[in-house]
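Visitor: Supplied structure: model-v2.pdb, PDB, C-alpha atoms and all ligand atoms.
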ATOM      1  CA  MET A 357      -4.762 116.210  90.653  1.00  0.00           C
ATOM      2  CA  ILE A 358      -5.883 119.671  89.594  1.00  0.00           C
ATOM      3  CA  GLU A 359      -9.452 120.132  88.465  1.00  0.00           C
ATOM      4  CA  VAL A 360     -10.595 123.135  86.481  1.00  0.00           C
ATOM      5  CA  LYS A 361     -14.350 123.348  86.909  1.00  0.00           C
ATOM      6  CA  LYS A 362     -16.531 125.366  84.551  1.00  0.00           C
ATOM      7  CA  VAL A 363     -14.108 128.263  84.492  1.00  0.00           C
ATOM      8  CA  SER A 364     -14.976 131.449  82.646  1.00  0.00           C
ATOM      9  CA  LYS A 365     -12.887 134.590  82.562  1.00  0.00           C
ATOM     10  CA  VAL A 366     -14.168 137.984  81.523  1.00  0.00           C
ATOM     11  CA  TYR A 367     -11.698 140.870  81.255  1.00  0.00           C
ATOM     12  CA  GLY A 368     -13.022 144.414  81.490  1.00  0.00           C
ATOM     13  CA  LYS A 369     -16.542 145.644  82.193  1.00  0.00           C
ATOM     14  CA  LYS A 370     -19.743 146.474  80.340  1.00  0.00           C
ATOM     15  CA  GLU A 371     -19.122 147.450  76.706  1.00  0.00           C
ATOM     16  CA  ASN A 372     -15.413 146.639  77.124  1.00  0.00           C
ATOM     17  CA  ALA A 373     -16.079 143.159  78.503  1.00  0.00           C
ATOM     18  CA  PHE A 374     -14.182 140.400  76.730  1.00  0.00           C
ATOM     19  CA  THR A 375     -14.649 136.723  77.515  1.00  0.00           C
ATOM     20  CA  ALA A 376     -11.205 135.074  77.305  1.00  0.00           C
ATOM     21  CA  LEU A 377     -12.334 131.663  78.648  1.00  0.00           C
ATOM     22  CA  HIS A 378     -15.765 130.099  78.185  1.00  0.00           C
ATOM     23  CA  ASP A 379     -16.825 127.431  80.649  1.00  0.00           C
ATOM     24  CA  ILE A 380     -13.589 125.410  80.655  1.00  0.00           C
ATOM     25  CA  SER A 381     -13.459 122.081  82.497  1.00  0.00           C
ATOM     26  CA  LEU A 382     -10.305 119.987  82.663  1.00  0.00           C
ATOM     27  CA  SER A 383      -8.611 117.500  84.997  1.00  0.00           C
ATOM     28  CA  ILE A 384      -4.838 117.247  85.143  1.00  0.00           C
ATOM     29  CA  LYS A 385      -3.815 113.891  86.552  1.00  0.00           C
ATOM     30  CA  SER A 386      -0.895 113.448  88.913  1.00  0.00           C
ATOM     31  CA  GLY A 387       2.281 112.557  87.032  1.00  0.00           C
ATOM     32  CA  GLU A 388       0.987 113.215  83.532  1.00  0.00           C
ATOM     33  CA  VAL A 389       2.501 115.415  80.855  1.00  0.00           C
ATOM     34  CA  MET A 390      -0.080 117.705  79.330  1.00  0.00           C
ATOM     35  CA  ALA A 391       0.358 120.130  76.453  1.00  0.00           C
ATOM     36  CA  VAL A 392      -1.816 123.196  76.024  1.00  0.00           C
ATOM     37  CA  VAL A 393      -1.819 124.399  72.431  1.00  0.00           C
ATOM     38  CA  GLY A 394      -3.657 127.122  70.572  1.00  0.00           C
ATOM     39  CA  LYS A 395      -3.009 130.245  68.544  1.00  0.00           C
ATOM     40  CA  SER A 396      -1.973 133.497  70.141  1.00  0.00           C
ATOM     41  CA  GLY A 397      -5.026 134.950  71.906  1.00  0.00           C
ATOM     42  CA  SER A 398      -6.783 131.600  72.336  1.00  0.00           C
ATOM     43  CA  GLY A 399      -6.639 131.848  76.146  1.00  0.00           C
ATOM     44  CA  LYS A 400      -3.615 129.698  77.048  1.00  0.00           C
ATOM     45  CA  SER A 401      -1.997 132.197  79.413  1.00  0.00           C
ATOM     46  CA  THR A 402      -5.324 133.080  80.998  1.00  0.00           C
ATOM     47  CA  LEU A 403      -5.958 129.393  81.695  1.00  0.00           C
ATOM     48  CA  ILE A 404      -2.460 128.917  83.145  1.00  0.00           C
ATOM     49  CA  HIS A 405      -2.816 132.000  85.335  1.00  0.00           C
ATOM     50  CA  ILE A 406      -6.117 130.757  86.720  1.00  0.00           C
ATOM     51  CA  LEU A 407      -5.123 127.161  87.330  1.00  0.00           C
ATOM     52  CA  THR A 408      -1.989 128.281  89.169  1.00  0.00           C
ATOM     53  CA  GLY A 409      -3.971 130.800  91.218  1.00  0.00           C
ATOM     54  CA  LEU A 410      -2.152 133.822  89.756  1.00  0.00           C
ATOM     55  CA  ASP A 411      -5.565 135.134  88.691  1.00  0.00           C
ATOM     56  CA  LYS A 412      -9.150 134.411  89.685  1.00  0.00           C
ATOM     57  CA  PRO A 413     -11.862 133.093  87.406  1.00  0.00           C
ATOM     58  CA  THR A 414     -14.982 135.213  86.859  1.00  0.00           C
ATOM     59  CA  LYS A 415     -17.022 132.027  87.223  1.00  0.00           C
ATOM     60  CA  GLY A 416     -16.131 128.470  88.193  1.00  0.00           C
ATOM     61  CA  ASP A 417     -13.397 127.057  90.399  1.00  0.00           C
ATOM     62  CA  VAL A 418     -10.033 125.299  90.504  1.00  0.00           C
ATOM     63  CA  LYS A 419      -9.619 122.415  92.920  1.00  0.00           C
ATOM     64  CA  SER A 420      -6.461 120.743  94.171  1.00  0.00           C
ATOM     65  CA  GLY A 421      -6.842 117.641  96.302  1.00  0.00           C
ATOM     66  CA  GLY A 422     -10.599 118.255  96.209  1.00  0.00           C
ATOM     67  CA  GLN A 423     -10.345 121.762  97.747  1.00  0.00           C
ATOM     68  CA  SER A 424     -10.802 125.105  96.050  1.00  0.00           C
ATOM     69  CA  ILE A 425      -7.416 126.814  95.728  1.00  0.00           C
ATOM     70  CA  PHE A 426      -9.132 130.197  96.194  1.00  0.00           C
ATOM     71  CA  LEU A 427     -10.494 129.496  99.662  1.00  0.00           C
ATOM     72  CA  GLY A 428      -7.190 129.750 101.542  1.00  0.00           C
ATOM     73  CA  ASP A 429      -4.057 131.795 100.840  1.00  0.00           C
ATOM     74  CA  THR A 430      -3.499 131.096  97.137  1.00  0.00           C
ATOM     75  CA  ASP A 431       0.128 132.306  97.209  1.00  0.00           C
ATOM     76  CA  THR A 432       0.975 129.807  99.954  1.00  0.00           C
ATOM     77  CA  TRP A 433      -0.762 127.011  98.037  1.00  0.00           C
ATOM     78  CA  ARG A 434       1.162 127.908  94.865  1.00  0.00           C
ATOM     79  CA  GLY A 435       4.457 128.106  96.737  1.00  0.00           C
ATOM     80  CA  ALA A 436       3.962 124.624  98.140  1.00  0.00           C
ATOM     81  CA  ASN A 437       2.587 122.899  95.044  1.00  0.00           C
ATOM     82  CA  ILE A 438       3.480 124.637  91.789  1.00  0.00           C
ATOM     83  CA  GLY A 439       6.693 125.564  89.997  1.00  0.00           C
ATOM     84  CA  ILE A 440       6.432 127.889  87.020  1.00  0.00           C
ATOM     85  CA  VAL A 441       8.876 128.398  84.142  1.00  0.00           C
ATOM     86  CA  PHE A 442       8.351 131.260  81.704  1.00  0.00           C
ATOM     87  CA  GLN A 443       9.651 131.888  78.202  1.00  0.00           C
ATOM     88  CA  GLN A 444      11.433 135.051  79.417  1.00  0.00           C
ATOM     89  CA  PHE A 445      13.286 133.325  82.322  1.00  0.00           C
ATOM     90  CA  PHE A 446      12.720 136.276  84.768  1.00  0.00           C
ATOM     91  CA  LEU A 447      16.052 135.915  86.569  1.00  0.00           C
ATOM     92  CA  GLN A 448      17.681 138.453  88.888  1.00  0.00           C
ATOM     93  CA  ASN A 449      20.538 139.204  86.513  1.00  0.00           C
ATOM     94  CA  ASN A 450      22.983 140.630  89.066  1.00  0.00           C
ATOM     95  CA  ASP A 451      22.458 137.823  91.569  1.00  0.00           C
ATOM     96  CA  THR A 452      24.357 134.568  91.436  1.00  0.00           C
ATOM     97  CA  VAL A 453      22.866 131.390  90.046  1.00  0.00           C
ATOM     98  CA  LEU A 454      22.669 129.963  93.571  1.00  0.00           C
ATOM     99  CA  GLN A 455      20.873 133.068  94.898  1.00  0.00           C
ATOM    100  CA  ASN A 456      18.377 132.977  92.022  1.00  0.00           C
ATOM    101  CA  VAL A 457      17.477 129.353  92.656  1.00  0.00           C
ATOM    102  CA  ALA A 458      17.257 129.792  96.431  1.00  0.00           C
ATOM    103  CA  LEU A 459      15.032 132.893  96.151  1.00  0.00           C
ATOM    104  CA  PRO A 460      11.611 131.169  96.423  1.00  0.00           C
ATOM    105  CA  LEU A 461      12.758 129.489  99.645  1.00  0.00           C
ATOM    106  CA  LYS A 462      14.113 132.801 100.967  1.00  0.00           C
ATOM    107  CA  ILE A 463      10.684 134.339 100.349  1.00  0.00           C
ATOM    108  CA  GLN A 464       9.176 131.438 102.286  1.00  0.00           C
ATOM    109  CA  GLY A 465      11.445 132.346 105.236  1.00  0.00           C
ATOM    110  CA  ILE A 466      13.730 129.310 105.040  1.00  0.00           C
ATOM    111  CA  SER A 467      17.167 130.000 106.514  1.00  0.00           C
ATOM    112  CA  LYS A 468      20.314 130.304 104.444  1.00  0.00           C
ATOM    113  CA  LYS A 469      21.934 126.925 104.940  1.00  0.00           C
ATOM    114  CA  PRO A 470      18.963 124.678 104.082  1.00  0.00           C
ATOM    115  CA  ARG A 471      17.827 126.902 101.226  1.00  0.00           C
ATOM    116  CA  GLU A 472      21.279 126.919  99.653  1.00  0.00           C
ATOM    117  CA  GLN A 473      21.510 123.162 100.078  1.00  0.00           C
ATOM    118  CA  ALA A 474      18.153 122.723  98.312  1.00  0.00           C
ATOM    119  CA  ALA A 475      19.300 125.131  95.580  1.00  0.00           C
ATOM    120  CA  ARG A 476      22.504 123.106  95.046  1.00  0.00           C
ATOM    121  CA  GLU A 477      20.447 119.920  94.675  1.00  0.00           C
ATOM    122  CA  ALA A 478      18.085 121.567  92.181  1.00  0.00           C
ATOM    123  CA  LEU A 479      21.054 122.895  90.192  1.00  0.00           C
ATOM    124  CA  GLU A 480      22.564 119.439  90.124  1.00  0.00           C
ATOM    125  CA  GLN A 481      19.317 118.104  88.632  1.00  0.00           C
ATOM    126  CA  VAL A 482      19.513 120.620  85.802  1.00  0.00           C
ATOM    127  CA  GLY A 483      23.228 120.036  85.221  1.00  0.00           C
ATOM    128  CA  LEU A 484      24.534 123.419  86.392  1.00  0.00           C
ATOM    129  CA  SER A 485      26.528 122.518  89.497  1.00  0.00           C
ATOM    130  CA  ASP A 486      29.593 124.198  88.025  1.00  0.00           C
ATOM    131  CA  LYS A 487      27.892 127.614  87.717  1.00  0.00           C
ATOM    132  CA  LEU A 488      26.695 128.246  91.282  1.00  0.00           C
ATOM    133  CA  LYS A 489      28.736 131.433  91.757  1.00  0.00           C
ATOM    134  CA  ASN A 490      28.245 132.869  88.256  1.00  0.00           C
ATOM    135  CA  LYS A 491      26.072 135.919  87.831  1.00  0.00           C
ATOM    136  CA  ALA A 492      22.862 135.002  86.003  1.00  0.00           C
ATOM    137  CA  ASN A 493      23.642 137.721  83.474  1.00  0.00           C
ATOM    138  CA  ASN A 494      26.731 135.867  82.260  1.00  0.00           C
ATOM    139  CA  LEU A 495      24.920 132.719  81.146  1.00  0.00           C
ATOM    140  CA  SER A 496      23.692 131.588  77.743  1.00  0.00           C
ATOM    141  CA  GLY A 497      19.950 131.430  77.020  1.00  0.00           C
ATOM    142  CA  GLY A 498      19.841 127.670  77.521  1.00  0.00           C
ATOM    143  CA  GLN A 499      21.695 127.980  80.826  1.00  0.00           C
ATOM    144  CA  LYS A 500      19.354 130.762  81.980  1.00  0.00           C
ATOM    145  CA  GLN A 501      16.363 128.543  81.288  1.00  0.00           C
ATOM    146  CA  ARG A 502      18.035 125.756  83.309  1.00  0.00           C
ATOM    147  CA  VAL A 503      18.432 128.166  86.229  1.00  0.00           C
ATOM    148  CA  ALA A 504      14.758 129.116  85.897  1.00  0.00           C
ATOM    149  CA  ILE A 505      13.820 125.419  85.953  1.00  0.00           C
ATOM    150  CA  ALA A 506      16.000 124.798  89.016  1.00  0.00           C
ATOM    151  CA  ARG A 507      14.267 127.733  90.723  1.00  0.00           C
ATOM    152  CA  ALA A 508      10.876 126.259  89.787  1.00  0.00           C
ATOM    153  CA  ILE A 509      11.719 122.835  91.276  1.00  0.00           C
ATOM    154  CA  VAL A 510      13.653 123.971  94.366  1.00  0.00           C
ATOM    155  CA  GLY A 511      10.555 123.622  96.547  1.00  0.00           C
ATOM    156  CA  LYS A 512       9.840 120.141  95.126  1.00  0.00           C
ATOM    157  CA  PRO A 513       6.476 121.060  93.602  1.00  0.00           C
ATOM    158  CA  GLN A 514       3.986 118.398  92.518  1.00  0.00           C
ATOM    159  CA  VAL A 515       3.214 120.330  89.362  1.00  0.00           C
ATOM    160  CA  LEU A 516       5.612 122.058  86.996  1.00  0.00           C
ATOM    161  CA  VAL A 517       4.045 124.557  84.613  1.00  0.00           C
ATOM    162  CA  ALA A 518       6.100 125.676  81.634  1.00  0.00           C
ATOM    163  CA  ASP A 519       4.754 128.543  79.508  1.00  0.00           C
ATOM    164  CA  GLU A 520       6.504 128.350  76.102  1.00  0.00           C
ATOM    165  CA  PRO A 521       9.751 127.224  77.800  1.00  0.00           C
ATOM    166  CA  THR A 522      11.648 126.968  74.503  1.00  0.00           C
ATOM    167  CA  GLY A 523      10.244 130.159  72.952  1.00  0.00           C
ATOM    168  CA  ASN A 524      13.486 132.111  73.388  1.00  0.00           C
ATOM    169  CA  LEU A 525      15.887 129.293  72.527  1.00  0.00           C
ATOM    170  CA  ASP A 526      17.340 127.868  69.324  1.00  0.00           C
ATOM    171  CA  SER A 527      16.183 124.374  68.392  1.00  0.00           C
ATOM    172  CA  GLU A 528      19.164 122.540  69.901  1.00  0.00           C
ATOM    173  CA  ASN A 529      18.948 124.289  73.276  1.00  0.00           C
ATOM    174  CA  GLY A 530      15.163 124.067  73.145  1.00  0.00           C
ATOM    175  CA  GLU A 531      15.295 120.298  72.719  1.00  0.00           C
ATOM    176  CA  ALA A 532      17.733 119.982  75.632  1.00  0.00           C
ATOM    177  CA  ILE A 533      15.318 121.936  77.841  1.00  0.00           C
ATOM    178  CA  VAL A 534      12.400 119.761  76.711  1.00  0.00           C
ATOM    179  CA  GLN A 535      14.410 116.628  77.520  1.00  0.00           C
ATOM    180  CA  LEU A 536      15.190 118.040  80.951  1.00  0.00           C
ATOM    181  CA  LEU A 537      11.503 118.760  81.652  1.00  0.00           C
ATOM    182  CA  PHE A 538      10.563 115.214  80.565  1.00  0.00           C
ATOM    183  CA  GLU A 539      13.320 113.783  82.791  1.00  0.00           C
ATOM    184  CA  LEU A 540      12.047 115.737  85.796  1.00  0.00           C
ATOM    185  CA  ASN A 541       8.573 114.338  85.127  1.00  0.00           C
ATOM    186  CA  LYS A 542       9.960 110.808  84.928  1.00  0.00           C
ATOM    187  CA  ASN A 543      12.438 110.934  87.806  1.00  0.00           C
ATOM    188  CA  ASN A 544      10.473 113.065  90.280  1.00  0.00           C
ATOM    189  CA  GLN A 545       6.957 112.072  89.147  1.00  0.00           C
ATOM    190  CA  THR A 546       6.290 115.774  88.690  1.00  0.00           C
ATOM    191  CA  THR A 547       3.147 116.566  86.734  1.00  0.00           C
ATOM    192  CA  LEU A 548       4.170 118.656  83.724  1.00  0.00           C
ATOM    193  CA  LEU A 549       1.875 121.157  82.072  1.00  0.00           C
ATOM    194  CA  MET A 550       3.424 122.778  79.042  1.00  0.00           C
ATOM    195  CA  VAL A 551       2.112 125.581  76.869  1.00  0.00           C
ATOM    196  CA  THR A 552       3.546 125.297  73.383  1.00  0.00           C
ATOM    197  CA  HIS A 553       3.137 126.301  69.754  1.00  0.00           C
ATOM    198  CA  ASP A 554       5.180 123.293  68.691  1.00  0.00           C
ATOM    199  CA  GLU A 555       2.963 120.497  67.325  1.00  0.00           C
ATOM    200  CA  ASP A 556       5.764 117.907  67.384  1.00  0.00           C
ATOM    201  CA  LEU A 557       6.443 118.662  71.024  1.00  0.00           C
ATOM    202  CA  ALA A 558       2.727 118.478  71.870  1.00  0.00           C
ATOM    203  CA  GLU A 559       2.517 114.992  70.320  1.00  0.00           C
ATOM    204  CA  ARG A 560       5.242 113.816  72.747  1.00  0.00           C
ATOM    205  CA  CYS A 561       3.007 114.693  75.708  1.00  0.00           C
ATOM    206  CA  ASP A 562       0.481 112.255  77.221  1.00  0.00           C
ATOM    207  CA  ARG A 563      -2.470 114.498  76.415  1.00  0.00           C
ATOM    208  CA  ILE A 564      -3.007 117.581  74.299  1.00  0.00           C
ATOM    209  CA  VAL A 565      -5.597 120.217  75.122  1.00  0.00           C
ATOM    210  CA  ARG A 566      -6.396 122.418  72.144  1.00  0.00           C
ATOM    211  CA  LEU A 567      -7.863 125.856  72.785  1.00  0.00           C
ATOM    212  CA  LYS A 568      -9.594 128.133  70.308  1.00  0.00           C
ATOM    213  CA  ASP A 569     -11.257 131.441  71.170  1.00  0.00           C
ATOM    214  CA  GLY A 570     -11.304 130.562  74.855  1.00  0.00           C
ATOM    215  CA  LYS A 571     -12.921 127.151  74.380  1.00  0.00           C
ATOM    216  CA  ILE A 572     -11.520 123.629  74.464  1.00  0.00           C
ATOM    217  CA  VAL A 573     -11.724 122.221  70.939  1.00  0.00           C
ATOM    218  CA  THR A 574     -10.336 118.747  71.691  1.00  0.00           C
ATOM    219  CA  ILE A 575      -8.432 116.805  74.312  1.00  0.00           C
ATOM    220  CA  SER A 576      -6.451 114.013  72.638  1.00  0.00           C
ATOM    221  CA  ALA A 577      -3.650 111.564  73.397  1.00  0.00           C
ATOM    222  CA  GLY A 578      -0.146 112.478  72.167  1.00  0.00           C
ATOM    223  CA  LYS A 579       0.844 110.179  69.314  1.00  0.00           C
ATOM    224  CA  HIS A 580       4.498 109.989  70.341  1.00  0.00           C
ATOM    225  CA  ALA A 581       4.164 110.069  74.127  1.00  0.00           C
ATOM    226  CA  ALA A 582       5.687 106.617  74.540  1.00  0.00           C
ATOM    227  CA  LYS A 583       8.849 107.656  72.715  1.00  0.00           C
ATOM    228  CA  ARG A 584       9.607 110.908  74.484  1.00  0.00           C
ATOM    229  CA  ASN A 585      12.374 109.713  76.787  1.00  0.00           C
ATOM    230  CA  LYS A 586      14.165 107.668  74.169  1.00  0.00           C
ATOM    231  CA  LYS A 587      14.976 110.421  71.675  1.00  0.00           C
TER     232      LYS A 587
HETATM  233  P1  LIG A 601      -2.750 133.266  74.669  1.00  0.00           P
HETATM  234  O1  LIG A 601      -1.922 132.989  75.873  1.00  0.00           O
HETATM  235  O2  LIG A 601      -3.338 132.027  74.051  1.00  0.00           O
HETATM  236  O3  LIG A 601      -2.040 134.095  73.647  1.00  0.00           O
HETATM  237  P2  LIG A 601      -4.260 135.006  76.432  1.00  0.00           P
HETATM  238  O4  LIG A 601      -4.802 134.142  77.508  1.00  0.00           O
HETATM  239  O5  LIG A 601      -3.055 135.832  76.725  1.00  0.00           O
HETATM  240  O6  LIG A 601      -4.030 134.126  75.118  1.00  0.00           O
HETATM  241  O7  LIG A 601      -5.403 135.999  75.939  1.00  0.00           O
HETATM  242  C1  LIG A 601      -6.691 135.545  75.575  1.00  0.00           C
HETATM  243  C2  LIG A 601      -7.526 136.745  75.149  1.00  0.00           C
HETATM  244  O8  LIG A 601      -7.797 137.571  76.285  1.00  0.00           O
HETATM  245  C3  LIG A 601      -6.840 137.646  74.112  1.00  0.00           C
HETATM  246  O9  LIG A 601      -7.803 138.081  73.196  1.00  0.00           O
HETATM  247  C4  LIG A 601      -6.320 138.789  74.943  1.00  0.00           C
HETATM  248  O10 LIG A 601      -6.262 139.968  74.179  1.00  0.00           O
HETATM  249  C5  LIG A 601      -7.346 138.885  76.055  1.00  0.00           C
HETATM  250  N1  LIG A 601      -6.727 139.394  77.308  1.00  0.00           N
HETATM  251  C6  LIG A 601      -5.706 138.814  77.986  1.00  0.00           C
HETATM  252  N2  LIG A 601      -5.412 139.518  79.105  1.00  0.00           N
HETATM  253  C7  LIG A 601      -6.265 140.589  79.113  1.00  0.00           C
HETATM  254  C8  LIG A 601      -6.470 141.698  79.996  1.00  0.00           C
HETATM  255  N3  LIG A 601      -5.738 141.841  81.117  1.00  0.00           N
HETATM  256  N4  LIG A 601      -7.445 142.583  79.678  1.00  0.00           N
HETATM  257  C9  LIG A 601      -8.199 142.420  78.572  1.00  0.00           C
HETATM  258  N5  LIG A 601      -8.061 141.403  77.694  1.00  0.00           N
HETATM  259  C10 LIG A 601      -7.103 140.500  77.957  1.00  0.00           C
END
Please go through the file and, once you have read it, give me the structure as structure tokens.

Guide:
Amino acid sequence: MIEVKKVSKVYGKKENAFTALHDISLSIKSGEVMAVVGKSGSGKSTLIHILTGLDKPTKGDVKSGGQSIFLGDTDTWRGANIGIVFQQFFLQNNDTVLQNVALPLKIQGISKKPREQAAREALEQVGLSDKLKNKANNLSGGQKQRVAIARAIVGKPQVLVADEPTGNLDSENGEAIVQLLFELNKNNQTTLLMVTHDEDLAERCDRIVRLKDGKIVTISAGKHAAKRNKK
């Protein structure tokens, strides 16, 4: 479980100060699928950055397993617990698919054989076992996002965060990626936190957090959560 406790974020100083998050509190339960929705500028990315420890709150705290994530080495905590998928994929285009997926484990100092084995398993989960040796550059958008998802799950994180994961895909490929994320939640019990503009997609999540001007407007249950794996 991740707990966001009275988090505020102020960018800039003095007359340039801008409050992007106002006193946000939120608990993300283990194994749930949560959507974060809101217009551009509502604070979604800021919230995601803070609850994954990529940025620090100005006030408040984020707790994981009851402990503040900012007390120890936040990068180590993130590496062990969180996988992140971005709209823009962020792949190393001239590296192979296998190298891209194994990279987080390489950074953690894991030796070649076990990291490549883990990368193969992650690529099997996303249905790309036949592309291990391809350069990332030579893949379609949907395939690139699958590689990015494999890279996010290679360390078997408890929480998968997806920031507009279908934003750069057409609707067919986008739906396939959404199905894959829901499958990973179901099969691996991975908590899934998804930022989206897509109302239909949000309604397929267990809970929907709506942000406006850096504040939570509502937290509601997704109307079609029960149906998401049967589409
Ligand atoms: P969203 O992801 O919902 O589009 P963001 O979290 O990116 O929203 O931004 C929330 C608000 O904070 C916006 O008004 C944005 O301009 C502002 N903001 C984001 N990052 C910075 C920054 N580094 N410096 C100043 N303002 C920022």

Visitor: Contacts between ligand LIG 601 (chain A) and chain A, please, where a residue of chain A counts if it comes within 8 Å (with only C-alpha atoms and all ligand atoms); show its shortest atom pair and distance in Å to one decimal, rows by chain and ascending number, as a tab-separated table.

Guide:
residue	atom	partner	partner_atom	distance
A:Val366	CA	A:LIG601	N5	8.0
A:Tyr367	CA	A:LIG601	C9	4.7
A:Gly368	CA	A:LIG601	C9	6.0
A:Ala373	CA	A:LIG601	C9	7.9
A:Phe374	CA	A:LIG601	N5	6.3
A:Thr375	CA	A:LIG601	O8	7.0
A:Ala376	CA	A:LIG601	O8	4.3
A:Leu377	CA	A:LIG601	C1	7.5
A:Val393	CA	A:LIG601	O2	7.9
A:Gly394	CA	A:LIG601	O2	6.0
A:Lys395	CA	A:LIG601	O2	5.8
A:Ser396	CA	A:LIG601	O3	3.6
A:Gly397	CA	A:LIG601	O6	3.5
A:Ser398	CA	A:LIG601	O2	3.9
A:Gly399	CA	A:LIG601	O4	3.2
A:Lys400	CA	A:LIG601	O2	3.8
A:Ser401	CA	A:LIG601	O1	3.6
A:Thr402	CA	A:LIG601	O4	3.7
A:Leu403	CA	A:LIG601	O4	6.4
A:Leu567	CA	A:LIG601	O2	7.8
A:Asp569	CA	A:LIG601	C1	7.6
A:Gly570	CA	A:LIG601	C1	6.8

Visitor: Measure the distance from CA of Thr522 in chain A to CA of Gly387 in chain A in Å and round it to one decimal.

Guide: 21.3 Å

Visitor: Pull out every residue that the PyMOL selection byres (((chain A and resi 418) around 8) and not hetatm) matches in the shown coordinates and put them as a ChimeraX atom specification.

Guide: /A:358-361,363,406-407,416-417,419-420,424-426

Visitor: How many Å separate CA of Thr432 in chain A from CA of Gly409 in chain A?

Guide: 10.1 Å

Visitor: Set the distance at 12 Å and use all atoms listed in the file: which residues neighbour Val482 in chain A once local chain neighbours fewer than 6 positions away are removed? I'd like the list as a PyMOL selection string.

Guide: chain A and resi 457+475-476+488+498-510+532-540

Visitor: Written as a VMD selection string, which residues does the PyMOL selection byres (((chain A and resi 576-581) around 6) and not hetatm) give for the file shown?

Guide: chain A and resid 559 to 564 575 582 to 584

Visitor: Name the residues captured by the PyMOL selection byres (((chain A and resi 546) around 7) and not hetatm) when it is applied to the shown file; answer as a ChimeraX atom specification.

Guide: /A:387,514-516,540-541,544-545,547-548

Visitor: Next, write the just-selected residues to a file, as a PDB file, in the coordinates of the input, keeping C-alpha atoms as the atom set.

Guide:
ATOM      1  CA  GLY A 387       2.281 112.557  87.032  1.00  0.00           C
ATOM      2  CA  GLN A 514       3.986 118.398  92.518  1.00  0.00           C
ATOM      3  CA  VAL A 515       3.214 120.330  89.362  1.00  0.00           C
ATOM      4  CA  LEU A 516       5.612 122.058  86.996  1.00  0.00           C
ATOM      5  CA  LEU A 540      12.047 115.737  85.796  1.00  0.00           C
ATOM      6  CA  ASN A 541       8.573 114.338  85.127  1.00  0.00           C
ATOM      7  CA  ASN A 544      10.473 113.065  90.280  1.00  0.00           C
ATOM      8  CA  GLN A 545       6.957 112.072  89.147  1.00  0.00           C
ATOM      9  CA  THR A 547       3.147 116.566  86.734  1.00  0.00           C
ATOM     10  CA  LEU A 548       4.170 118.656  83.724  1.00  0.00           C
TER      11      LEU A 548
END

Visitor: Let me make sure I understand: among A:Asp431, A:Asp486, A:Glu520, A:Asp379, which one has the smallest atom-to-atom distance to Gln443 in chain A if we use all atoms listed in the file?

Guide: A:Glu520

Visitor: Can you tell me how far CA of Asn493 in chain A sits from CA of Asn529 in chain A, in Å to one decimal?

Guide: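 It comes out at 17.5 Å.
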
Visitor: If we draw a sphere of 8 Å around (9.2, 130.7, 92.7), which residues have at least one atom in it when counting all atoms listed in the file? Please report them as number ranges by chain.

Guide: A: 435, 439-440, 459-461, 507-508

Visitor: Quick one: of A:Val565, A:Gln444, A:Lys385, A:Pro413, who's nearest to His553 in chain A, counting all atoms listed in the file?

Guide: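 Once distances to His553 in chain A are computed over all atoms listed in the file, the minimum belongs to A:Val565.
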
Visitor: Considering only C-alpha atoms, can you say which of A:Asn372, A:Met357, A:Pro521, A:Met390 comes closest to Arg566 in chain A?

Guide: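 Of A:Asn372, A:Met357, A:Pro521, A:Met390, the one nearest Arg566 in chain A is A:Met390, counting only C-alpha atoms.
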
Visitor: Calculated over all atoms listed in the file, which of the candidates A:Ser386, A:Ala518, A:Lys412, A:Gly465 has the smallest distance to Leu427 in chain A?

Guide: A:Lys412

Visitor: Neighbours of Lys491 in chain A within 12 Å (only C-alpha atoms; same-chain residues fewer than 6 positions away dropped), as a list in words?

Guide: Leu447, Gln448, Asn449, Asn450, Asp451, Thr452, Val453, Leu454, Gln455, Asn456, Val457, Gln499, Lys500 and Val503 of chain A

Visitor: Fix up range 397-404 of chain A with N, CA and C atoms, then write it as a short mmCIF file (atom, residue, chain, number, x, y, z; two decimals), keeping the file's coordinate frame.

Guide:
data_model
loop_
_atom_site.label_atom_id
_atom_site.label_comp_id
_atom_site.auth_asym_id
_atom_site.auth_seq_id
_atom_site.Cartn_x
_atom_site.Cartn_y
_atom_site.Cartn_z
N GLY A 397 -3.72 134.38 71.61
CA GLY A 397 -5.03 134.95 71.91
C GLY A 397 -6.11 133.92 72.19
N SER A 398 -5.76 132.64 72.13
CA SER A 398 -6.78 131.60 72.34
C SER A 398 -7.12 131.39 73.81
N GLY A 399 -6.32 131.94 74.72
CA GLY A 399 -6.64 131.85 76.15
C GLY A 399 -5.69 130.99 76.96
N LYS A 400 -4.56 130.58 76.36
CA LYS A 400 -3.62 129.70 77.05
C LYS A 400 -3.08 130.33 78.34
N SER A 401 -2.58 131.55 78.23
CA SER A 401 -2.00 132.20 79.41
C SER A 401 -3.06 132.44 80.48
N THR A 402 -4.23 132.84 80.04
CA THR A 402 -5.32 133.08 81.00
C THR A 402 -5.62 131.79 81.77
N LEU A 403 -5.70 130.68 81.05
CA LEU A 403 -5.96 129.39 81.69
C LEU A 403 -4.85 129.04 82.69
N ILE A 404 -3.60 129.23 82.27
CA ILE A 404 -2.46 128.92 83.14
C ILE A 404 -2.49 129.80 84.39
#
